[in-house]
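**Student:** The structure under discussion is supplied below as structure tokens; questions concerning it will follow.
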Amino acid sequence: MEIKQILEQINIDGKKAEVYLACLEMGGATGYLLAKKTGLKRPTAYDLINQLMKEGLVYKSIKGKIKYFSPADPEVLISKLKEKEEKIKSIMPALQNLYNSPKTKPFIRYFEDKEGIKEMYEDSLRSCKKGDEILAYVGDDVYENMSGYIDEYIRRRVEKGIRIRGIYKEAVLAKNFMEKNREQLREVRILPKKDFPISNEIDIYKNKIAIASYGAEMFGMIIESAEIARSQKAIFELAWKGAIDI
């Protein structure tokens, strides 16, 4: 990717990027020379120079009666990005409170194909913290459908200390999977296929219900509703009591 394309992504775009790069290349110059170098009219060049000065990317010095404009060390770009990151982090709790505040209507997000379902799973890692629990109904073999991803997901879930309690259809239980229940913070109960004829996966966590379908058209959805999640958790607890203990 070219330098100008990268600069555009941090709001140094168009003619402003041209003036900034010219200033770096020349090591400093008068406004007249920068305008000439970039092919801009002097009023336009001076306006862009002033913008760059406000952003701390160019500074002014005076030699005799002549104004020179010199570039700041490009490392300042990294400092500015870190500063923006810190500002975003400082308001993140407030943004999360707004995001997680009770909604009067359920909020529904849809995810298409395998990559979309991966993003749906990622939401549980973002939403949950250490000590939280995911309640799951698993009717299809997620390993078969999400090979290459699910092991990485489990590893990160365990690293975060997020537990899972799941009711599985008998056919999907692999022996080596079950042997890792303790180390993978997983508690499992099973139901025979005749009593548990579902072919998708449903995960309940926080105030969300995530549903993944692994049929001919792979898709997923997340329903965000404190009321619906509370009801689904109660239903899960009833099913848990009736499932076979492993």
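Residues in the structure tokens are numbered from 1 in each chain, the chains being A, B, ... in the order shown, and ligands are numbered from 1 in the order shown.
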Quick one: contact table of region 76-191 of chain A to region 195-214 of chain A, 9 Å max, nearest atom pair and distance in Å to one decimal per residue, counting only C-alpha atoms, chain and number order, as JSON lines?

**Tutor:**
{"residue": "A:Asn100", "atom": "CA", "partner": "A:Asn207", "partner_atom": "CA", "distance": 8.3}
{"residue": "A:Pro102", "atom": "CA", "partner": "A:Asn207", "partner_atom": "CA", "distance": 8.9}
{"residue": "A:Phe111", "atom": "CA", "partner": "A:Ala212", "partner_atom": "CA", "distance": 8.9}
{"residue": "A:Asp113", "atom": "CA", "partner": "A:Tyr214", "partner_atom": "CA", "distance": 9.0}
{"residue": "A:Lys114", "atom": "CA", "partner": "A:Tyr214", "partner_atom": "CA", "distance": 8.8}
{"residue": "A:Ile117", "atom": "CA", "partner": "A:Ala212", "partner_atom": "CA", "distance": 6.7}
{"residue": "A:Met120", "atom": "CA", "partner": "A:Ala210", "partner_atom": "CA", "distance": 7.2}
{"residue": "A:Tyr121", "atom": "CA", "partner": "A:Ala210", "partner_atom": "CA", "distance": 8.1}
{"residue": "A:Ser124", "atom": "CA", "partner": "A:Tyr205", "partner_atom": "CA", "distance": 7.2}
{"residue": "A:Ser127", "atom": "CA", "partner": "A:Lys206", "partner_atom": "CA", "distance": 7.3}
{"residue": "A:Cys128", "atom": "CA", "partner": "A:Lys206", "partner_atom": "CA", "distance": 7.2}
{"residue": "A:Asp132", "atom": "CA", "partner": "A:Tyr205", "partner_atom": "CA", "distance": 8.0}
{"residue": "A:Glu133", "atom": "CA", "partner": "A:Tyr205", "partner_atom": "CA", "distance": 6.6}
{"residue": "A:Ile134", "atom": "CA", "partner": "A:Tyr205", "partner_atom": "CA", "distance": 4.9}
{"residue": "A:Leu135", "atom": "CA", "partner": "A:Ile204", "partner_atom": "CA", "distance": 5.0}
{"residue": "A:Ala136", "atom": "CA", "partner": "A:Asp203", "partner_atom": "CA", "distance": 4.4}
{"residue": "A:Tyr137", "atom": "CA", "partner": "A:Ile202", "partner_atom": "CA", "distance": 5.1}
{"residue": "A:Val138", "atom": "CA", "partner": "A:Glu201", "partner_atom": "CA", "distance": 4.6}
{"residue": "A:Gly139", "atom": "CA", "partner": "A:Ser199", "partner_atom": "CA", "distance": 4.6}
{"residue": "A:Asp140", "atom": "CA", "partner": "A:Ser199", "partner_atom": "CA", "distance": 5.2}
{"residue": "A:Asp141", "atom": "CA", "partner": "A:Ser199", "partner_atom": "CA", "distance": 8.9}
{"residue": "A:Val142", "atom": "CA", "partner": "A:Glu201", "partner_atom": "CA", "distance": 8.2}
{"residue": "A:Asn145", "atom": "CA", "partner": "A:Tyr214", "partner_atom": "CA", "distance": 6.8}
{"residue": "A:Gly166", "atom": "CA", "partner": "A:Asp203", "partner_atom": "CA", "distance": 8.8}
{"residue": "A:Tyr168", "atom": "CA", "partner": "A:Phe196", "partner_atom": "CA", "distance": 8.3}
{"residue": "A:Lys169", "atom": "CA", "partner": "A:Phe196", "partner_atom": "CA", "distance": 6.1}
{"residue": "A:Glu170", "atom": "CA", "partner": "A:Phe196", "partner_atom": "CA", "distance": 8.5}
{"residue": "A:Ile190", "atom": "CA", "partner": "A:Phe196", "partner_atom": "CA", "distance": 8.9}
{"residue": "A:Leu191", "atom": "CA", "partner": "A:Phe196", "partner_atom": "CA", "distance": 5.9}

**Student:** Tell me which protein, DNA and RNA residues are within 10 Å of region 66-83 of chain A, counting only C-alpha atoms, leaving out same-chain ones fewer than 4 positions away, and put them as a PyMOL selection string.

**Tutor:** chain A and resi 7+10+20-34+49-50+52-53+55-62+87-89

**Student:** Keeping only N, CA and C atoms, take the residues you just selected and write them out as a compact mmCIF listing (two decimals), in the first residue's frame.

**Tutor:**
# COMPACT_ATOMS: atom_id res chain seq x y z
N LEU A 7 -1.68 7.37 4.72
CA LEU A 7 -1.94 8.67 5.33
C LEU A 7 -3.42 9.03 5.27
N ILE A 10 -5.48 7.91 8.17
CA ILE A 10 -5.36 8.65 9.45
C ILE A 10 -5.67 10.13 9.23
N TYR A 20 2.29 17.74 3.07
CA TYR A 20 3.05 17.11 4.16
C TYR A 20 4.24 16.34 3.59
N LEU A 21 4.02 15.56 2.55
CA LEU A 21 5.09 14.77 1.96
C LEU A 21 6.15 15.67 1.31
N ALA A 22 5.70 16.76 0.70
CA ALA A 22 6.64 17.71 0.11
C ALA A 22 7.52 18.34 1.18
N CYS A 23 6.91 18.66 2.31
CA CYS A 23 7.65 19.25 3.42
C CYS A 23 8.70 18.26 3.96
N LEU A 24 8.32 16.99 4.06
CA LEU A 24 9.26 15.97 4.50
C LEU A 24 10.41 15.82 3.51
N GLU A 25 10.06 15.79 2.24
CA GLU A 25 11.06 15.58 1.20
C GLU A 25 12.06 16.74 1.14
N MET A 26 11.55 17.95 1.29
CA MET A 26 12.40 19.14 1.18
C MET A 26 13.11 19.47 2.50
N GLY A 27 12.64 18.84 3.58
CA GLY A 27 13.24 19.10 4.88
C GLY A 27 12.90 20.47 5.43
N GLY A 28 11.88 21.09 4.88
CA GLY A 28 11.47 22.43 5.28
C GLY A 28 11.62 23.39 4.12
N ALA A 29 10.69 24.33 4.03
CA ALA A 29 10.71 25.28 2.91
C ALA A 29 9.77 26.43 3.22
N THR A 30 9.80 27.43 2.38
CA THR A 30 8.84 28.53 2.49
C THR A 30 7.50 28.06 1.95
N GLY A 31 6.47 28.83 2.28
CA GLY A 31 5.16 28.50 1.75
C GLY A 31 5.13 28.58 0.23
N TYR A 32 5.88 29.54 -0.31
CA TYR A 32 5.95 29.71 -1.76
C TYR A 32 6.52 28.45 -2.42
N LEU A 33 7.63 27.92 -1.85
CA LEU A 33 8.26 26.75 -2.44
C LEU A 33 7.41 25.49 -2.29
N LEU A 34 6.70 25.39 -1.17
CA LEU A 34 5.81 24.24 -0.98
C LEU A 34 4.65 24.29 -1.96
N ILE A 49 -0.97 24.16 5.15
CA ILE A 49 0.16 24.24 6.08
C ILE A 49 -0.34 24.55 7.48
N ASN A 50 -1.29 25.48 7.59
CA ASN A 50 -1.85 25.84 8.90
C ASN A 50 -2.55 24.64 9.54
N LEU A 52 -1.77 21.50 9.05
CA LEU A 52 -0.71 20.59 9.49
C LEU A 52 -0.02 21.10 10.75
N MET A 53 0.09 22.40 10.88
CA MET A 53 0.67 22.98 12.09
C MET A 53 -0.21 22.71 13.30
N GLU A 55 -2.10 20.26 13.75
CA GLU A 55 -2.02 18.83 14.05
C GLU A 55 -0.64 18.42 14.55
N GLY A 56 0.27 19.40 14.66
CA GLY A 56 1.60 19.12 15.19
C GLY A 56 2.52 18.41 14.23
N LEU A 57 2.20 18.44 12.94
CA LEU A 57 3.01 17.74 11.95
C LEU A 57 4.01 18.67 11.25
N VAL A 58 3.78 19.94 11.35
CA VAL A 58 4.66 20.96 10.76
C VAL A 58 4.82 22.08 11.77
N TYR A 59 6.00 22.66 11.85
CA TYR A 59 6.18 23.82 12.72
C TYR A 59 6.84 24.96 11.94
N LYS A 60 6.65 26.18 12.44
CA LYS A 60 7.10 27.38 11.74
C LYS A 60 8.33 27.96 12.42
N SER A 61 9.25 28.45 11.62
CA SER A 61 10.39 29.20 12.14
C SER A 61 10.60 30.42 11.25
N ILE A 62 11.26 31.42 11.78
CA ILE A 62 11.48 32.66 11.03
C ILE A 62 12.98 32.93 10.94
N LYS A 87 -7.80 8.02 24.45
CA LYS A 87 -9.05 8.77 24.60
C LYS A 87 -10.26 7.86 24.41
N ILE A 88 -10.15 6.96 23.40
CA ILE A 88 -11.25 6.02 23.16
C ILE A 88 -11.41 5.08 24.36
N LYS A 89 -10.27 4.61 24.90
CA LYS A 89 -10.32 3.73 26.06
C LYS A 89 -10.97 4.42 27.26

**Student:** From a backbone DSSP assignment, name each residue in region 4-244 of chain A labelled strand (DSSP E or B), as an MDAnalysis selection string.

**Tutor:** chainID A and resid 29 58:63 66:71 107:112 133:138 163:169 186:191 200:205 208:213 219:224 244

**Student:** So the first atom is CA of Asp123 (chain A) and the second is CA of Gln96 (chain A); what is the distance between them in Å, to one decimal place?

**Tutor:** 13.4 Å

**Student:** What is the CA of Pro93 (chain A)-CA of Arg163 (chain A) distance in Å, reported with one decimal?

**Tutor:** 23.6 Å

**Student:** Here is a test: counting only C-alpha atoms, which residue of A:Tyr99, A:Glu119, A:Asp13, A:Lys4 is nearest to Met221 (chain A)?

**Tutor:**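 So, comparing all the options, the nearest one is A:Glu119.
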
**Student:** Can you measure CA of Glu237 (chain A) to CA of Arg126 (chain A) for me? One decimal in Å is fine.

**Tutor:**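 Pair CA of Glu237 (chain A) / CA of Arg126 (chain A) returns 24.1 Å.
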
**Student:** Could you give me, as a list in words, each residue of region 170-213 of chain A that DSSP assigns to helix (DSSP H, G or I) when run on this structure's backbone?

**Tutor:**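 Matching residues, listed in order: Glu170, Ala171, Val172, Lys175, Asn176, Phe177 and Met178 of chain A.
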
**Student:** Write out as number ranges by chain which residues come within 12 Å of Arg182 (chain A) when counting only C-alpha atoms, dropping same-chain ones fewer than 5 positions away.

**Tutor:** A: 158, 163-165, 177, 187-188, 246

**Student:** Produce a file of the selected residues containing N, CA and C atoms, as a tab-separated table (two decimals), in the first residue's frame.

**Tutor:**
chain	number	residue	atom	x	y	z
A	158	VAL	N	-11.00	-20.26	27.23
A	158	VAL	CA	-10.38	-20.76	28.47
A	158	VAL	C	-9.41	-19.73	29.03
A	163	ARG	N	-16.60	-20.00	31.35
A	163	ARG	CA	-17.05	-21.39	31.43
A	163	ARG	C	-18.19	-21.63	30.45
A	164	ILE	N	-18.41	-22.91	30.12
A	164	ILE	CA	-19.55	-23.27	29.27
A	164	ILE	C	-20.24	-24.48	29.88
A	165	ARG	N	-21.55	-24.43	29.89
A	165	ARG	CA	-22.37	-25.54	30.36
A	165	ARG	C	-23.28	-25.90	29.19
A	177	PHE	N	-13.01	-35.18	22.82
A	177	PHE	CA	-13.64	-33.91	23.20
A	177	PHE	C	-14.07	-33.97	24.66
A	187	GLU	N	-18.78	-28.16	31.18
A	187	GLU	CA	-19.60	-29.18	31.84
A	187	GLU	C	-20.67	-29.60	30.85
A	188	VAL	N	-20.80	-30.90	30.66
A	188	VAL	CA	-21.65	-31.41	29.58
A	188	VAL	C	-22.68	-32.40	30.10
A	246	ILE	N	-22.95	-36.55	32.65
A	246	ILE	CA	-21.76	-37.23	32.11
A	246	ILE	C	-20.64	-37.18	33.14
